$ cat coords28.txt   # compact mmCIF, C-alpha atoms
# COMPACT_ATOMS: atom_id res chain seq x y z
CA MET A 633 24.99 -7.72 1.27
CA ASN A 634 24.09 -10.00 -1.63
CA PHE A 635 23.12 -8.03 -4.72
CA THR A 636 21.75 -10.16 -7.53
CA THR A 637 20.46 -9.03 -10.89
CA ASN A 638 17.45 -10.61 -12.49
CA LYS A 639 16.61 -9.19 -15.91
CA SER A 640 13.18 -10.82 -15.99
CA SER A 641 12.12 -9.21 -12.71
CA GLU A 642 11.47 -5.61 -11.86
CA PHE A 643 12.59 -6.09 -8.26
CA ALA A 644 15.69 -8.11 -7.32
CA LYS A 645 16.92 -9.21 -3.91
CA TYR A 646 19.41 -6.68 -2.54
CA ASP A 647 20.13 -7.94 0.95
CA SER A 648 18.77 -10.36 3.53
CA GLY A 649 19.28 -11.32 7.14
CA MET A 650 17.70 -13.13 10.06
CA LEU A 651 16.16 -12.22 13.37
CA SER A 652 15.60 -14.99 15.88
CA ASP A 653 11.79 -14.92 15.71
CA TYR A 654 8.71 -13.62 13.86
CA VAL A 655 9.34 -10.14 12.41
CA THR A 656 6.66 -7.97 14.00
CA ALA A 657 7.24 -4.53 12.46
CA LEU A 658 9.36 -2.58 9.96
CA ALA A 659 9.91 1.16 9.50
CA TRP A 660 12.12 3.26 7.23
CA SER A 661 13.46 6.60 8.38
CA PHE A 662 11.75 9.35 6.39
CA GLN A 663 15.11 10.31 4.91
CA GLY A 664 15.33 6.70 3.73
CA ALA A 665 18.79 5.84 4.99
CA ILE A 666 17.85 3.40 7.75
CA LEU A 667 15.43 0.49 8.16
CA ALA A 668 14.36 -0.56 11.67
CA ALA A 669 13.06 -4.07 12.35
CA THR A 670 11.61 -5.67 15.49
CA SER A 671 10.81 -9.24 16.46
CA ALA A 672 8.59 -11.35 18.68
CA ALA A 673 11.75 -12.22 20.64
CA GLY A 674 12.23 -8.55 21.57
CA GLU A 675 15.00 -7.64 19.13
CA VAL A 676 15.41 -4.15 17.68
CA VAL A 677 17.87 -3.85 14.78
CA LEU A 678 18.84 -1.15 12.29
CA TRP A 679 19.85 -1.88 8.69
CA ASN A 680 21.79 0.69 6.68
CA ASP A 681 22.93 -0.47 3.23
CA GLY A 682 24.03 -3.88 4.45
CA ASN A 683 25.35 -2.76 7.82
CA VAL A 684 23.33 -3.98 10.79
CA VAL A 685 23.30 -2.46 14.29
CA GLU A 686 21.53 -4.29 17.13
CA LEU A 687 19.94 -1.75 19.48
CA GLN A 688 18.32 -4.40 21.66
CA ASN A 689 18.79 -8.15 21.80
CA GLY A 690 16.02 -10.64 22.44
CA SER A 691 14.49 -10.52 25.90
CA GLY A 692 11.77 -13.04 25.15
CA LYS A 693 9.09 -10.33 25.28
CA SER A 694 7.74 -9.19 21.94
CA VAL A 695 8.41 -5.73 20.48
CA ASP A 696 5.35 -5.02 18.35
CA CYS A 697 5.57 -1.50 16.93
CA VAL A 698 8.34 0.74 15.63
CA ALA A 699 8.44 4.22 14.08
CA PHE A 700 10.86 7.02 13.22
CA SER A 701 10.04 10.64 13.97
CA ALA A 702 9.41 12.83 10.93
CA ASP A 703 12.79 14.56 11.24
CA GLY A 704 14.58 11.22 11.58
CA LYS A 705 16.11 12.14 14.94
CA PHE A 706 14.18 9.67 17.09
CA LEU A 707 13.26 5.98 16.89
CA ALA A 708 10.51 4.62 19.15
CA VAL A 709 9.42 1.05 19.90
CA GLY A 710 6.76 -0.48 22.12
CA GLY A 711 5.84 -3.98 23.15
CA GLN A 712 4.79 -6.68 25.55
CA ASP A 713 6.78 -5.41 28.55
CA GLY A 714 4.88 -2.11 28.54
CA GLN A 715 7.99 -0.07 27.83
CA VAL A 716 8.21 2.62 25.20
CA LYS A 717 11.87 3.10 24.33
CA ILE A 718 13.26 6.03 22.36
CA TRP A 719 16.69 6.15 20.72
CA GLN A 720 18.52 9.12 19.26
CA GLU A 721 21.53 8.40 17.07
CA ASN A 722 21.58 4.79 18.37
CA GLU A 723 21.64 5.98 22.00
CA LEU A 724 18.75 5.07 24.29
CA ILE A 725 17.54 8.43 25.64
CA ALA A 726 14.22 7.54 27.28
CA THR A 727 12.32 4.53 28.64
CA LEU A 728 8.67 5.09 29.50
CA GLU A 729 7.46 2.41 31.92
CA ASN A 730 3.84 1.36 31.45
CA ALA A 731 3.62 -2.21 32.78
CA PRO A 732 1.39 -4.16 32.93
CA ALA A 733 -0.03 -2.49 29.80
CA TRP A 734 1.04 -3.96 26.46
CA VAL A 735 2.06 -1.18 24.04
CA ASP A 736 1.20 -2.47 20.57
CA LYS A 737 0.41 0.80 18.74
CA LEU A 738 2.47 3.97 18.37
CA ALA A 739 2.81 6.78 15.84
CA TRP A 740 4.79 10.01 15.48
CA ASN A 741 3.19 13.29 14.46
CA HIS A 742 4.17 14.17 10.87
CA THR A 743 5.13 17.78 11.65
CA SER A 744 6.45 17.71 15.24
CA ASN A 745 8.17 15.34 17.65
CA LEU A 746 4.99 14.19 19.39
CA LEU A 747 4.71 10.42 19.92
CA ALA A 748 1.31 8.84 20.56
CA PHE A 749 1.14 5.30 21.99
CA SER A 750 -1.58 2.97 23.26
CA LEU A 751 -2.11 1.94 26.88
CA GLY A 752 -5.19 -0.25 27.01
CA ARG A 753 -8.17 2.10 26.69
CA TYR A 754 -5.90 5.17 26.74
CA VAL A 755 -3.43 6.89 24.46
CA GLN A 756 -0.61 9.00 25.83
CA VAL A 757 1.22 11.66 23.83
CA TRP A 758 4.91 12.21 24.66
CA ASP A 759 6.84 15.27 23.55
CA ALA A 760 10.37 14.25 22.57
CA ASP A 761 11.64 17.83 22.65
CA LEU A 762 10.35 18.39 26.21
CA GLY A 763 10.90 14.81 27.33
CA GLU A 764 7.48 14.59 28.99
CA ILE A 765 3.92 13.31 28.57
CA VAL A 766 1.71 16.17 27.41
CA VAL A 767 -1.72 14.49 27.49
CA THR A 768 -3.52 11.25 28.27
CA LEU A 769 -6.55 10.59 26.05
CA ASN A 770 -9.36 8.26 27.13
CA PHE A 771 -10.79 6.21 24.27
CA ASP A 772 -13.14 4.71 26.85
CA ASN A 773 -15.11 2.27 24.69
CA SER A 774 -12.46 -0.45 24.42
CA SER A 775 -8.77 -1.10 24.08
CA VAL A 776 -7.19 1.06 21.39
CA LEU A 777 -6.81 -0.81 18.09
CA GLY A 778 -5.46 1.97 15.87
CA ILE A 779 -3.59 5.29 16.09
CA ASP A 780 -2.91 7.63 13.17
CA TRP A 781 -1.96 11.31 12.85
CA ARG A 782 -3.27 13.30 9.92
CA SER A 783 -0.44 14.26 7.57
CA ASP A 784 -0.70 17.95 8.46
CA GLY A 785 -0.18 17.08 12.14
CA GLN A 786 -3.43 18.77 13.20
CA TYR A 787 -5.53 15.75 14.16
CA LEU A 788 -4.97 12.44 15.98
CA ALA A 789 -7.38 9.58 15.25
CA ILE A 790 -7.85 6.67 17.66
CA SER A 791 -9.98 3.64 16.82
CA GLY A 792 -11.59 0.66 18.54
CA TYR A 793 -15.05 -0.53 19.57
CA GLN A 794 -17.89 1.62 18.18
CA GLY A 795 -15.73 3.73 15.92
CA VAL A 796 -13.04 6.39 15.74
CA LYS A 797 -12.40 9.41 17.96
CA ILE A 798 -10.48 12.35 16.49
CA TRP A 799 -8.71 14.93 18.67
CA HIS A 800 -7.39 18.32 17.55
CA SER A 801 -3.71 18.47 18.50
CA GLN A 802 -3.87 22.21 19.24
CA ASP A 803 -6.58 21.75 21.89
CA TRP A 804 -6.53 18.40 23.63
CA ASN A 805 -9.28 19.52 26.03
CA GLU A 806 -11.79 19.99 23.21
CA GLU A 807 -14.27 17.14 22.86
CA PRO A 808 -13.12 14.76 20.11
CA TYR A 809 -15.06 14.29 16.89
CA PHE A 810 -16.65 10.83 17.04
CA LEU A 811 -17.11 8.74 13.90
CA SER A 812 -19.64 6.36 15.39
CA MET A 813 -20.36 2.87 14.06
CA PRO A 814 -22.09 -0.24 15.46
CA THR A 815 -18.99 -2.41 15.22
CA VAL A 816 -15.26 -2.49 15.93
CA SER A 817 -12.80 -0.42 13.88
CA VAL A 818 -10.00 -2.95 13.33
CA ALA A 819 -7.83 -1.00 10.86
CA MET A 820 -7.83 2.78 10.38
CA GLY A 821 -5.86 5.46 8.57
CA TRP A 822 -5.85 8.96 7.10
CA SER A 823 -5.25 9.46 3.40
CA PRO A 824 -1.90 11.18 2.69
CA ASP A 825 -3.71 14.27 1.37
CA SER A 826 -5.57 14.64 4.73
CA LYS A 827 -8.97 14.63 3.00
CA TYR A 828 -10.24 11.19 3.99
CA LEU A 829 -10.26 8.83 6.97
CA ALA A 830 -10.90 5.13 6.36
CA SER A 831 -11.91 2.47 8.87
CA GLY A 832 -11.86 -1.27 8.20
CA ASN A 833 -14.36 -2.96 10.46
CA MET A 834 -15.13 -6.21 12.27
CA ASP A 835 -18.58 -6.42 10.62
CA ARG A 836 -16.97 -6.83 7.18
CA SER A 837 -17.47 -3.21 6.15
CA VAL A 838 -15.27 -0.26 5.25
CA THR A 839 -16.23 3.26 6.33
CA VAL A 840 -14.74 6.30 4.54
CA LEU A 841 -15.19 9.78 5.98
CA ASP A 842 -14.65 12.88 3.85
CA TRP A 843 -13.42 15.37 6.44
CA ASN A 844 -15.52 18.09 4.77
CA ASN A 845 -18.69 15.97 4.72
CA PRO A 846 -20.32 14.57 7.90
CA ASP A 847 -22.00 11.67 6.06
CA PRO A 848 -19.52 8.80 5.62
CA TRP A 849 -19.64 6.18 2.88
CA VAL A 850 -20.04 2.56 4.03
CA MET A 851 -18.94 -0.28 1.75
CA ARG A 852 -19.97 -3.88 2.45
CA GLY A 853 -19.70 -7.40 1.07
CA PHE A 854 -16.31 -8.62 2.28
CA PRO A 855 -15.63 -12.29 3.17
CA GLY A 856 -14.35 -11.43 6.66
CA LYS A 857 -13.25 -8.62 8.93
CA ILE A 858 -11.04 -5.97 7.34
CA ARG A 859 -7.48 -6.62 8.51
CA GLN A 860 -5.47 -4.03 6.57
CA LEU A 861 -5.96 -0.67 4.84
CA ALA A 862 -3.61 1.27 2.56
CA TRP A 863 -3.99 4.66 0.86
CA SER A 864 -2.06 5.71 -2.23
CA GLU A 865 -0.09 8.95 -2.26
CA ALA A 866 -0.76 9.20 -5.98
CA THR A 867 -4.19 10.50 -6.99
CA THR A 868 -6.58 9.73 -9.84
CA GLU A 869 -7.80 12.21 -12.46
CA LEU A 870 -10.47 13.25 -9.95
CA GLY A 871 -7.71 14.22 -7.53
CA ALA A 872 -8.56 11.46 -5.05
CA PRO A 873 -6.26 8.74 -3.71
CA ILE A 874 -6.99 5.03 -4.09
CA LEU A 875 -7.88 2.92 -1.05
CA ALA A 876 -6.94 -0.77 -0.76
CA SER A 877 -8.45 -3.05 1.87
CA SER A 878 -7.64 -6.68 2.65
CA SER A 879 -9.91 -9.32 4.14
CA VAL A 880 -8.74 -12.90 4.62
CA ASP A 881 -6.91 -13.73 1.32
CA GLY A 882 -8.50 -11.07 -0.91
CA ILE A 883 -7.95 -7.39 -1.65
CA VAL A 884 -10.56 -4.85 -2.68
CA VAL A 885 -9.34 -1.64 -4.31
CA TRP A 886 -11.63 1.39 -4.07
CA GLU A 887 -11.58 4.29 -6.50
CA LYS A 888 -13.68 7.40 -5.95
CA LEU A 889 -16.32 8.18 -8.53
CA GLU A 890 -17.24 11.62 -9.80
CA ASP A 891 -20.86 11.14 -8.69
CA GLU A 892 -20.81 11.72 -4.92
CA SER A 893 -24.00 9.70 -4.46
CA LEU A 894 -22.33 6.60 -5.93
CA GLY A 895 -19.27 6.99 -3.72
CA TRP A 896 -16.48 4.51 -4.47
CA GLU A 897 -16.17 1.80 -7.12
CA ALA A 898 -14.62 -1.53 -6.17
CA ARG A 899 -12.41 -4.05 -7.94
CA VAL A 900 -11.34 -7.34 -6.40
CA LEU A 901 -7.76 -8.65 -6.53
CA THR A 902 -7.20 -12.37 -5.97
CA ASN A 903 -3.94 -14.29 -5.99
CA HIS A 904 -3.14 -15.12 -2.37
CA VAL A 905 -4.19 -18.46 -0.90
CA ASP A 906 -3.83 -17.57 2.79
CA VAL A 907 -4.37 -14.55 5.05
CA ILE A 908 -2.85 -11.28 3.84
CA ASN A 909 -0.79 -9.75 6.64
CA ALA A 910 0.27 -6.44 5.08
CA ILE A 911 -0.54 -4.18 2.14
CA ALA A 912 1.07 -0.88 1.08
CA PHE A 913 1.31 1.39 -1.95
CA ALA A 914 4.71 2.45 -3.25
CA PRO A 915 5.33 6.19 -2.72
CA GLN A 916 3.73 8.48 -5.36
CA SER A 917 2.47 5.40 -7.17
CA PHE A 918 -0.41 3.00 -7.72
CA LEU A 919 1.98 0.03 -7.40
CA LEU A 920 0.53 -2.05 -4.54
CA ALA A 921 2.43 -4.67 -2.53
CA SER A 922 0.69 -7.41 -0.53
CA ALA A 923 2.42 -9.86 1.81
CA GLY A 924 0.72 -13.09 2.86
CA ALA A 925 0.94 -16.02 5.23
CA ASP A 926 1.17 -18.11 2.03
CA GLY A 927 4.78 -16.95 1.55
CA LEU A 928 3.90 -14.76 -1.43
CA LEU A 929 4.65 -11.06 -1.78
CA CYS A 930 2.61 -9.83 -4.75
CA LEU A 931 3.23 -6.61 -6.67
CA TRP A 932 0.11 -5.26 -8.37
CA THR A 933 0.68 -2.76 -11.19
CA GLU A 934 -1.92 0.02 -11.20
CA ALA A 935 -3.40 -1.80 -8.17
CA SER A 936 -5.01 -4.21 -10.63
CA GLN A 937 -2.67 -6.83 -12.18
CA VAL A 938 0.06 -8.95 -10.60
CA SER A 939 3.33 -7.92 -12.26
CA GLN A 940 5.71 -9.88 -10.02
CA ILE A 941 5.64 -12.35 -7.13
CA LEU A 942 8.48 -12.24 -4.62
CA THR A 943 9.32 -15.17 -2.34
CA GLY A 944 12.15 -16.15 -0.03
CA VAL A 945 10.63 -17.01 3.35
CA SER A 946 10.31 -20.54 4.68
CA ALA A 947 6.78 -20.01 6.03
CA GLY A 948 4.81 -16.79 5.54
CA PHE A 949 5.42 -13.06 5.23
CA THR A 950 4.39 -10.99 8.27
CA THR A 951 4.95 -7.36 7.30
CA LEU A 952 6.38 -5.07 4.63
CA ALA A 953 7.55 -1.47 4.23
CA TRP A 954 8.37 0.71 1.20
CA HIS A 955 11.43 2.95 1.17
CA PRO A 956 10.28 6.64 1.16
CA GLN A 957 11.55 7.08 -2.41
CA GLY A 958 10.25 3.68 -3.54
CA GLN A 959 13.47 2.05 -4.77
CA PHE A 960 13.58 -0.48 -1.93
CA LEU A 961 10.94 -2.83 -0.56
CA ALA A 962 11.53 -4.58 2.77
CA ALA A 963 9.59 -7.53 4.19
CA GLY A 964 9.74 -9.74 7.26
CA GLY A 965 8.94 -13.42 7.72
CA GLU A 966 7.40 -15.73 10.29
CA GLN A 967 10.76 -17.41 10.89
CA GLY A 968 12.64 -14.13 11.36
CA GLU A 969 13.68 -13.53 7.74
CA LEU A 970 14.38 -9.92 6.76
CA ILE A 971 14.58 -9.39 2.98
CA ILE A 972 15.19 -6.20 1.02
CA TRP A 973 14.57 -5.91 -2.71
CA THR A 974 15.58 -3.06 -4.99
CA THR A 975 14.85 -1.63 -8.41
CA GLU A 976 15.93 1.42 -10.31
CA VAL A 977 12.38 1.78 -11.62
CA SER A 978 9.73 2.41 -8.95
CA GLY A 979 6.98 1.95 -11.58
CA GLY A 980 3.25 1.76 -11.20
CA VAL A 981 1.90 5.26 -11.86

$ encode --input "coords28.txt" --output "structure tokens"
Amino acid sequence: MNFTTNKSSEFAKYDSGMLSDYVTALAWSFQGAILAATSAAGEVVLWNDGNVVELQNGSGKSVDCVAFSADGKFLAVGGQDGQVKIWQENELIATLENAPAWVDKLAWNHTSNLLAFSLGRYVQVWDADLGEIVVTLNFDNSSVLGIDWRSDGQYLAISGYQGVKIWHSQDWNEEPYFLSMPTVSVAMGWSPDSKYLASGNMDRSVTVLDWNNPDPWVMRGFPGKIRQLAWSEATTELGAPILASSSVDGIVVWEKLEDESLGWEARVLTNHVDVINAIAFAPQSFLLASAGADGLLCLWTEASQVSQILTGVSAGFTTLAWHPQGQFLAAGGEQGELIIWTTEVSGGV
């Protein structure tokens, strides 16, 4: 653990380490004590205040997704070998075999220990308390490109070609709601307040659905397909969260207007000079972080102005993750770098 102070910077490097290959995914436990990291070599490691535990060494097959259950009891990963592995207190308790499928998306329900994961055109939901698969959902139109539970745990959204299907978790047999679109939903996510669902699309558009209004807003004019979306937990004076979307090396921030017919107002953020690989808002804040293949991690105060640029990788940044209370920011690099910064001021609101 190498703590350094830097009075001119809001965030300072707290600790760093190395995996043997490209860092594919990061996840903090919701209690904030533990950071999990995975790599393209197949490694799964846990970081806890400078102490590192290796749950799985490199097998040569990529581990691509990682998530903690809401109660912090379970850690799940999925990857190239088709296995979904679940640990409890650093002990491997289940291995779900799905070869030859490649499991590259998974997500835990926010209110129960239900784990959803992708299997080609299907999503399976596994109950950690029962230790069994409870349902297999057929997306049908294409391979699954996104999975996200609504924050109240009531709905599961699955995205891909021609839009997003939304199942009610209390009745899996009910026909899903279908947010139809003439393109591919590349990135998708619920707002933390459960009011909105956003889809970033292959045709360079963003679709936003108000769950109480069947007519979605569609925003256009991006330079390329939408690669990343991020919602703020903090809300504006109107009571709505802010949505950030990234396309190639630019970010567009969307703020809801009072006039429903006008929808959302955009502002463009430019500083990166290569593809942006990850964006995320700090908890309860409008402080936005963006990590790029250019080796820059930019912090945008009020999701508008760059307040600090973090570096430290030899090539590019691949992913990032905010600590649940906002005092730590973790990021991974193309060469396996794992860096954690800290501040006593989470800032941004």

$ residues_around --input "coords28.txt" --residues "Trp886 of chain A" --least-positions-apart "2" --cutoff "10 Å" --atoms "all atoms listed in the file" --output "PyMOL selection string"
chain A and resi 851+863+873-877+883-884+888-889+895-900+935

$ closest_residue --input "coords28.txt" --among "A:Phe918, A:Trp932, A:Phe706, A:Trp679" --to "Thr867 of chain A" --atoms "only C-alpha atoms"
A:Phe918

$ residues_around --input "coords28.txt" --residues "Glu966 of chain A" --least-positions-apart "5" --cutoff "9 Å" --atoms "only C-alpha atoms" --output "PDB file with C-alpha atoms, in the coordinates of the input"
ATOM      1  CA  ASP A 653      11.790 -14.920  15.710  1.00  0.00           C
ATOM      2  CA  TYR A 654       8.710 -13.620  13.860  1.00  0.00           C
ATOM      3  CA  VAL A 655       9.340 -10.140  12.410  1.00  0.00           C
ATOM      4  CA  THR A 656       6.660  -7.970  14.000  1.00  0.00           C
ATOM      5  CA  ALA A 925       0.940 -16.020   5.230  1.00  0.00           C
ATOM      6  CA  VAL A 945      10.630 -17.010   3.350  1.00  0.00           C
ATOM      7  CA  SER A 946      10.310 -20.540   4.680  1.00  0.00           C
ATOM      8  CA  ALA A 947       6.780 -20.010   6.030  1.00  0.00           C
ATOM      9  CA  GLY A 948       4.810 -16.790   5.540  1.00  0.00           C
ATOM     10  CA  PHE A 949       5.420 -13.060   5.230  1.00  0.00           C
ATOM     11  CA  THR A 950       4.390 -10.990   8.270  1.00  0.00           C
TER      12      THR A 950
END

$ atom_distance --input "coords28.txt" --atom1 "atom CA of Glu865 of chain A" --atom2 "atom CA of Cys930 of chain A"
19.1 Å

$ closest_residue --input "coords28.txt" --among "A:Thr670, A:Gln663, A:Ser893, A:Thr868" --to "Glu969 of chain A" --atoms "all atoms listed in the file"
A:Thr670

$ residues_near_point --input "coords28.txt" --point "(-8.5, 11.7, 9.8)" --cutoff "6 Å" --atoms "only C-alpha atoms" --output "list in words"
Arg782, Ala789, Trp822 and Leu829 of chain A
